[in-house]
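Q: Below you'll find the structure I mean.
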Amino acid sequence: MSTVHLIDGHVWIFRAYFSLPAMQAPDGTPTFAAYGFTNTLLKYLADAAPGHLGVCFDYALTSFRNDLDPGYKADRSDAPPDLEPQFDLCVEAAQALGIATFEVEGYEADDVIATLTHQLAPRRARVVVVSSDKDLSQLVREDGSVVLHDNARGTTLDADGVRGKFGVDPAQIPDYLGLVGDAVDCLPGVPGVGPKGAAAVLGRFGRIDAVPADPDAWDGVEVRGAGRLAARIAEHRERALFTRQLATVVRSVPGVKARLRDLRTGPPDPERVHALCSRLGWQGIEERMLGSG
């Protein structure tokens, strides 16, 4: 069975942007986030030695979800001026290393990863989704064919790991987020419903739609203040369902299709690597990029 690693590229880009000191190319183009992304990618190639790999990017900082809810990720609607030009540099660096890249207008990297996973897992491929985004826990499969790896923490979640962390099955993650919300994506949940309450409610009723408004029907829900929670979920049910919709990844992004051979990790392209590093003034990293294959 082949293992395919699908990387959420924007997680690495933002982490590098907020952790590294400013760097510029000779022409003044900021490069520090792209440099950090490339370093992380090179380390991952060295440590994991993936035979099949794809890096997925957000096409923009907005997506179809912003059309549904203008408040979605409202704090990230515009990229900082010194970050904006670095997204394309990250794509260019990955491609120079012989790695397949994916991005689709109107969709997030999460959706592209979900679509590729949906295509590859049934083909007897094991998929390692590389991201710290808890939304992607919903892709984890009970049979172990899809796991979620947090590269920064060095942790990998299978289905039991998702249950241990969130208290719900992987398939229930959108409902879980519908109840607790997601501060990272500026999505409100149901006021007064925390992680333990959400896990208890979903453990008993399965989905938000099935949660009864009548607290007398909450027998078996081991949570304090069941009557109060029942009232709050009933009052905010529509918002919870809408948040669930926004938190549900798309598994059929138009135009995304890849076979295993398309994701085979190729050797770096010496000409592209040299051209990129020369243009950006990346003297120290060129040798590592050329040796990554």
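Every chain in the structure tokens takes a letter, A first, then B, and so on in the order presented; its residues are numbered from 1, and the ligands are numbered from 1 following the presented order.
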How close does each residue of region 40-97 of chain A get to region 7-31 of chain A, giving the shortest atom pair and distance in Å to one decimal for every residue with an atom at most 8 Å away, counting only C-alpha atoms, sorted by chain and residue number, as a Markdown table?

A:
```
| residue | atom | partner | partner_atom | distance |
| --- | --- | --- | --- | --- |
| A:Thr40 | CA | A:Trp12 | CA | 7.4 |
| A:Leu53 | CA | A:Ile7 | CA | 7.7 |
| A:Gly54 | CA | A:Ile7 | CA | 6.3 |
| A:Val55 | CA | A:Ile7 | CA | 4.7 |
| A:Cys56 | CA | A:Asp8 | CA | 5.4 |
| A:Phe57 | CA | A:Gly9 | CA | 5.3 |
| A:Asp58 | CA | A:His10 | CA | 6.8 |
| A:Asp82 | CA | A:Pro30 | CA | 5.9 |
| A:Leu83 | CA | A:Pro30 | CA | 7.3 |
| A:Pro85 | CA | A:Pro30 | CA | 7.4 |
| A:Gln86 | CA | A:Thr31 | CA | 6.2 |
| A:Phe87 | CA | A:Ile13 | CA | 7.8 |
| A:Leu89 | CA | A:Thr31 | CA | 8.0 |
| A:Cys90 | CA | A:Ile13 | CA | 7.9 |
```

Q: Write the residues you've just listed into a file as a compact mmCIF listing (two decimals), in the first residue's frame, and include C-alpha atoms for each of them.

A:
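Output file part15.txt follows:
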```txt
# COMPACT_ATOMS: atom_id res chain seq x y z
CA THR A 40 10.11 23.11 6.96
CA LEU A 53 3.50 13.98 -1.61
CA GLY A 54 1.29 16.93 -2.46
CA VAL A 55 1.16 20.43 -1.00
CA CYS A 56 -2.21 22.17 -1.01
CA PHE A 57 -2.64 25.92 -0.76
CA ASP A 58 -5.52 28.33 -0.27
CA ASP A 82 4.81 41.74 3.34
CA LEU A 83 3.14 38.30 3.24
CA PRO A 85 3.96 38.19 -2.42
CA GLN A 86 5.33 35.19 -0.54
CA PHE A 87 2.48 32.78 -1.25
CA LEU A 89 7.15 31.94 -3.79
CA CYS A 90 6.10 28.97 -1.63
```

Q: So which residues touch Gly192 (chain A) within 12 Å, counting only C-alpha atoms, skipping near sequence neighbours fewer than 6 positions away, as a list in words?

A: Leu179, Val180, Gly181, Ala198, Arg224, Gly225, Ala226, Arg228, Leu229, Ala230, Ala231, Arg232, Ile233, Glu235 and His236 of chain A

Q: Grab the residues selected above and save them as a short mmCIF file (atom, residue, chain, number, x, y, z; two decimals), in the first residue's frame with C-alpha atoms.

A:
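File out_37.cif, as written:
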```cif
data_model
loop_
_atom_site.label_atom_id
_atom_site.label_comp_id
_atom_site.auth_asym_id
_atom_site.auth_seq_id
_atom_site.Cartn_x
_atom_site.Cartn_y
_atom_site.Cartn_z
CA LEU A 179 -21.74 23.42 19.00
CA VAL A 180 -18.45 24.73 20.42
CA GLY A 181 -17.54 27.10 17.58
CA ALA A 198 -20.68 18.98 23.11
CA ARG A 224 -24.27 19.06 34.23
CA GLY A 225 -27.12 21.45 33.57
CA ALA A 226 -28.75 19.31 30.89
CA ARG A 228 -29.97 24.60 30.43
CA LEU A 229 -27.97 23.11 27.58
CA ALA A 230 -31.12 21.80 25.92
CA ALA A 231 -32.62 25.28 25.97
CA ARG A 232 -29.47 26.91 24.61
CA ILE A 233 -29.05 24.44 21.76
CA GLU A 235 -32.40 28.59 20.82
CA HIS A 236 -29.24 28.63 18.72
#
```

Q: Pick out the closest residue to Gly266 (chain A) from this set: A:Val184, A:Val130, A:Ser292, A:Ile173. Count only C-alpha atoms.

A: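 Checking each candidate against Gly266 (chain A), we get A:Ser292 as the closest.
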
Q: Quick one: residues within 9 Å of Asn151 (chain A), only C-alpha atoms counted, chain neighbours fewer than 5 positions away excluded, as a list in words?

A: Tyr44, Val130, Ser131, Ser132 and Thr156 of chain A

Q: Apply DSSP to the structure's backbone, then extract all residues of region 27-160 of chain A labelled strand (DSSP E or B) and return them as a ChimeraX atom specification.

A: /A:30,52-56,100-102,126-130,146-150,155-157

Q: Go ahead and save the picked residues with N, CA and C atoms, as a PDB file, in the first residue's frame.

A:
```pdb
ATOM      1  N   PRO A  30       9.930  40.662   0.199  1.00  0.00           N
ATOM      2  CA  PRO A  30      10.052  39.918   1.461  1.00  0.00           C
ATOM      3  C   PRO A  30      10.066  38.421   1.194  1.00  0.00           C
ATOM      4  N   HIS A  52       5.214   9.678  -1.947  1.00  0.00           N
ATOM      5  CA  HIS A  52       4.153  10.412  -2.631  1.00  0.00           C
ATOM      6  C   HIS A  52       3.765  11.603  -1.770  1.00  0.00           C
ATOM      7  N   LEU A  53       3.702  12.764  -2.389  1.00  0.00           N
ATOM      8  CA  LEU A  53       3.496  13.984  -1.612  1.00  0.00           C
ATOM      9  C   LEU A  53       2.807  15.045  -2.460  1.00  0.00           C
ATOM     10  N   GLY A  54       1.894  15.775  -1.826  1.00  0.00           N
ATOM     11  CA  GLY A  54       1.290  16.934  -2.460  1.00  0.00           C
ATOM     12  C   GLY A  54       1.160  18.039  -1.434  1.00  0.00           C
ATOM     13  N   VAL A  55       1.349  19.279  -1.869  1.00  0.00           N
ATOM     14  CA  VAL A  55       1.164  20.433  -1.000  1.00  0.00           C
ATOM     15  C   VAL A  55      -0.020  21.223  -1.512  1.00  0.00           C
ATOM     16  N   CYS A  56      -0.976  21.469  -0.630  1.00  0.00           N
ATOM     17  CA  CYS A  56      -2.205  22.169  -1.008  1.00  0.00           C
ATOM     18  C   CYS A  56      -2.203  23.563  -0.391  1.00  0.00           C
ATOM     19  N   ALA A 100       4.189  17.990  -6.261  1.00  0.00           N
ATOM     20  CA  ALA A 100       2.921  18.424  -6.839  1.00  0.00           C
ATOM     21  C   ALA A 100       2.251  19.438  -5.919  1.00  0.00           C
ATOM     22  N   THR A 101       1.701  20.490  -6.505  1.00  0.00           N
ATOM     23  CA  THR A 101       0.990  21.509  -5.736  1.00  0.00           C
ATOM     24  C   THR A 101      -0.427  21.658  -6.260  1.00  0.00           C
ATOM     25  N   PHE A 102      -1.329  22.065  -5.366  1.00  0.00           N
ATOM     26  CA  PHE A 102      -2.736  22.188  -5.720  1.00  0.00           C
ATOM     27  C   PHE A 102      -3.328  23.438  -5.076  1.00  0.00           C
ATOM     28  N   ARG A 126      -2.790   4.834   1.690  1.00  0.00           N
ATOM     29  CA  ARG A 126      -2.868   5.388   3.035  1.00  0.00           C
ATOM     30  C   ARG A 126      -2.545   6.866   2.926  1.00  0.00           C
ATOM     31  N   VAL A 127      -3.361   7.704   3.541  1.00  0.00           N
ATOM     32  CA  VAL A 127      -3.179   9.147   3.429  1.00  0.00           C
ATOM     33  C   VAL A 127      -2.799   9.724   4.787  1.00  0.00           C
ATOM     34  N   VAL A 128      -1.703  10.464   4.811  1.00  0.00           N
ATOM     35  CA  VAL A 128      -1.297  11.212   5.992  1.00  0.00           C
ATOM     36  C   VAL A 128      -1.584  12.685   5.716  1.00  0.00           C
ATOM     37  N   VAL A 129      -2.592  13.233   6.372  1.00  0.00           N
ATOM     38  CA  VAL A 129      -2.923  14.644   6.232  1.00  0.00           C
ATOM     39  C   VAL A 129      -2.044  15.416   7.214  1.00  0.00           C
ATOM     40  N   VAL A 130      -1.230  16.319   6.700  1.00  0.00           N
ATOM     41  CA  VAL A 130      -0.256  17.039   7.527  1.00  0.00           C
ATOM     42  C   VAL A 130      -0.796  18.449   7.795  1.00  0.00           C
ATOM     43  N   VAL A 146      -6.660   6.884   6.759  1.00  0.00           N
ATOM     44  CA  VAL A 146      -6.407   8.325   6.777  1.00  0.00           C
ATOM     45  C   VAL A 146      -6.122   8.737   8.217  1.00  0.00           C
ATOM     46  N   VAL A 147      -4.984   9.385   8.429  1.00  0.00           N
ATOM     47  CA  VAL A 147      -4.626   9.891   9.754  1.00  0.00           C
ATOM     48  C   VAL A 147      -4.270  11.368   9.624  1.00  0.00           C
ATOM     49  N   LEU A 148      -4.257  12.067  10.753  1.00  0.00           N
ATOM     50  CA  LEU A 148      -3.938  13.491  10.784  1.00  0.00           C
ATOM     51  C   LEU A 148      -2.648  13.687  11.569  1.00  0.00           C
ATOM     52  N   HIS A 149      -1.660  14.287  10.917  1.00  0.00           N
ATOM     53  CA  HIS A 149      -0.352  14.479  11.540  1.00  0.00           C
ATOM     54  C   HIS A 149      -0.094  15.958  11.771  1.00  0.00           C
ATOM     55  N   ASP A 150       0.202  16.318  13.020  1.00  0.00           N
ATOM     56  CA  ASP A 150       0.595  17.675  13.374  1.00  0.00           C
ATOM     57  C   ASP A 150       2.115  17.717  13.383  1.00  0.00           C
ATOM     58  N   THR A 155       2.704  14.805  16.546  1.00  0.00           N
ATOM     59  CA  THR A 155       1.653  13.869  16.949  1.00  0.00           C
ATOM     60  C   THR A 155       0.827  13.445  15.742  1.00  0.00           C
ATOM     61  N   THR A 156       0.334  12.227  15.792  1.00  0.00           N
ATOM     62  CA  THR A 156      -0.504  11.703  14.715  1.00  0.00           C
ATOM     63  C   THR A 156      -1.774  11.123  15.318  1.00  0.00           C
ATOM     64  N   LEU A 157      -2.917  11.539  14.790  1.00  0.00           N
ATOM     65  CA  LEU A 157      -4.206  11.082  15.292  1.00  0.00           C
ATOM     66  C   LEU A 157      -4.854  10.103  14.325  1.00  0.00           C
TER      67      LEU A 157
END
```

Q: May I ask for the distance between CA of Ala60 (chain A) and CA of Asp88 (chain A), given in Å to one decimal place?

A: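 Separating CA of Ala60 (chain A) from CA of Asp88 (chain A) is a distance of 10.9 Å.
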
Q: To one decimal place in Å, what is the distance between CA of Gly227 (chain A) and CA of Pro215 (chain A)?

A: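 A separation of 4.9 Å between them.
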
Q: So that I can check the secondary structure, give me every residue of region 155-267 of chain A assigned helix (DSSP H, G or I) by backbone DSSP, as an MDAnalysis selection string.

A: chainID A and resid 159:166 170:180 183:185 195:205 208:210 215:217 226:235 237:247 260:263

Q: For the residues in the current selection, export C-alpha atoms as a PDB file, in the first residue's frame.

A:
```pdb
ATOM      1  CA  ALA A 159      -9.779   7.579  14.836  1.00  0.00           C
ATOM      2  CA  ASP A 160      -9.172   6.645  18.468  1.00  0.00           C
ATOM      3  CA  GLY A 161      -6.834   9.601  18.770  1.00  0.00           C
ATOM      4  CA  VAL A 162      -9.559  11.966  17.525  1.00  0.00           C
ATOM      5  CA  ARG A 163     -11.970  10.500  20.069  1.00  0.00           C
ATOM      6  CA  GLY A 164      -9.391  10.887  22.793  1.00  0.00           C
ATOM      7  CA  LYS A 165      -8.756  14.520  21.938  1.00  0.00           C
ATOM      8  CA  PHE A 166     -12.274  15.743  21.166  1.00  0.00           C
ATOM      9  CA  PRO A 170     -14.089  11.875  13.313  1.00  0.00           C
ATOM     10  CA  ALA A 171     -17.335  12.082  11.325  1.00  0.00           C
ATOM     11  CA  GLN A 172     -18.861  14.162  14.132  1.00  0.00           C
ATOM     12  CA  ILE A 173     -16.218  16.900  14.050  1.00  0.00           C
ATOM     13  CA  PRO A 174     -18.394  19.322  12.000  1.00  0.00           C
ATOM     14  CA  ASP A 175     -21.255  18.875  14.505  1.00  0.00           C
ATOM     15  CA  TYR A 176     -18.790  19.325  17.358  1.00  0.00           C
ATOM     16  CA  LEU A 177     -17.560  22.591  15.862  1.00  0.00           C
ATOM     17  CA  GLY A 178     -21.154  23.634  15.250  1.00  0.00           C
ATOM     18  CA  LEU A 179     -21.742  23.420  18.996  1.00  0.00           C
ATOM     19  CA  VAL A 180     -18.453  24.726  20.419  1.00  0.00           C
ATOM     20  CA  ALA A 183     -12.293  30.955  17.403  1.00  0.00           C
ATOM     21  CA  VAL A 184      -9.558  30.474  14.803  1.00  0.00           C
ATOM     22  CA  ASP A 185     -12.097  30.737  11.980  1.00  0.00           C
ATOM     23  CA  PRO A 195     -16.059  20.734  24.579  1.00  0.00           C
ATOM     24  CA  LYS A 196     -17.224  18.338  27.310  1.00  0.00           C
ATOM     25  CA  GLY A 197     -20.865  19.294  26.894  1.00  0.00           C
ATOM     26  CA  ALA A 198     -20.683  18.982  23.113  1.00  0.00           C
ATOM     27  CA  ALA A 199     -19.029  15.572  23.342  1.00  0.00           C
ATOM     28  CA  ALA A 200     -21.672  14.338  25.792  1.00  0.00           C
ATOM     29  CA  VAL A 201     -24.540  15.627  23.657  1.00  0.00           C
ATOM     30  CA  LEU A 202     -23.174  14.144  20.438  1.00  0.00           C
ATOM     31  CA  GLY A 203     -22.320  10.900  22.200  1.00  0.00           C
ATOM     32  CA  ARG A 204     -25.989  10.529  23.047  1.00  0.00           C
ATOM     33  CA  PHE A 205     -27.728  12.005  19.982  1.00  0.00           C
ATOM     34  CA  ILE A 208     -27.120  18.464  16.004  1.00  0.00           C
ATOM     35  CA  ASP A 209     -30.301  17.763  14.044  1.00  0.00           C
ATOM     36  CA  ALA A 210     -31.219  14.941  16.409  1.00  0.00           C
ATOM     37  CA  PRO A 215     -34.832  18.358  28.335  1.00  0.00           C
ATOM     38  CA  ASP A 216     -36.977  15.428  29.485  1.00  0.00           C
ATOM     39  CA  ALA A 217     -35.712  13.579  26.416  1.00  0.00           C
ATOM     40  CA  ALA A 226     -28.755  19.313  30.888  1.00  0.00           C
ATOM     41  CA  GLY A 227     -31.920  21.394  30.940  1.00  0.00           C
ATOM     42  CA  ARG A 228     -29.973  24.605  30.435  1.00  0.00           C
ATOM     43  CA  LEU A 229     -27.967  23.106  27.576  1.00  0.00           C
ATOM     44  CA  ALA A 230     -31.116  21.801  25.920  1.00  0.00           C
ATOM     45  CA  ALA A 231     -32.616  25.284  25.974  1.00  0.00           C
ATOM     46  CA  ARG A 232     -29.466  26.912  24.611  1.00  0.00           C
ATOM     47  CA  ILE A 233     -29.055  24.441  21.764  1.00  0.00           C
ATOM     48  CA  ALA A 234     -32.724  24.802  20.857  1.00  0.00           C
ATOM     49  CA  GLU A 235     -32.396  28.591  20.822  1.00  0.00           C
ATOM     50  CA  ARG A 237     -29.821  25.499  16.609  1.00  0.00           C
ATOM     51  CA  GLU A 238     -29.918  27.300  13.251  1.00  0.00           C
ATOM     52  CA  ARG A 239     -26.643  29.044  13.949  1.00  0.00           C
ATOM     53  CA  ALA A 240     -25.084  25.742  15.059  1.00  0.00           C
ATOM     54  CA  LEU A 241     -26.237  24.051  11.859  1.00  0.00           C
ATOM     55  CA  PHE A 242     -24.841  26.918   9.796  1.00  0.00           C
ATOM     56  CA  THR A 243     -21.492  26.714  11.591  1.00  0.00           C
ATOM     57  CA  ARG A 244     -21.488  22.977  10.912  1.00  0.00           C
ATOM     58  CA  GLN A 245     -21.998  23.707   7.223  1.00  0.00           C
ATOM     59  CA  LEU A 246     -19.044  26.085   7.170  1.00  0.00           C
ATOM     60  CA  ALA A 247     -16.871  23.607   9.081  1.00  0.00           C
ATOM     61  CA  LEU A 260      -0.786   8.116  -7.325  1.00  0.00           C
ATOM     62  CA  ARG A 261       1.807   8.591 -10.043  1.00  0.00           C
ATOM     63  CA  ASP A 262       0.952  12.304 -10.178  1.00  0.00           C
ATOM     64  CA  LEU A 263       1.932  12.589  -6.518  1.00  0.00           C
TER      65      LEU A 263
END
```

Q: Between A:Ser2, A:Gln138, A:Ser278, A:Asn39, which residue has the minimum interatomic distance to Val168 (chain A), considering only C-alpha atoms?

A: A:Gln138

Q: Give the answer as one residue: which of A:Ala258, A:Val273, A:Leu290, A:Leu41 has the shortest atom-to-atom distance to Ala121 (chain A), using only C-alpha atoms?

A: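 For Ala121 (chain A), the nearest of the candidates is A:Ala258.
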
Q: Using CA of Val256 (chain A) and CA of Val112 (chain A) as the two end points, give the distance in Å to one decimal.

A: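 So the answer is 7.1 Å.
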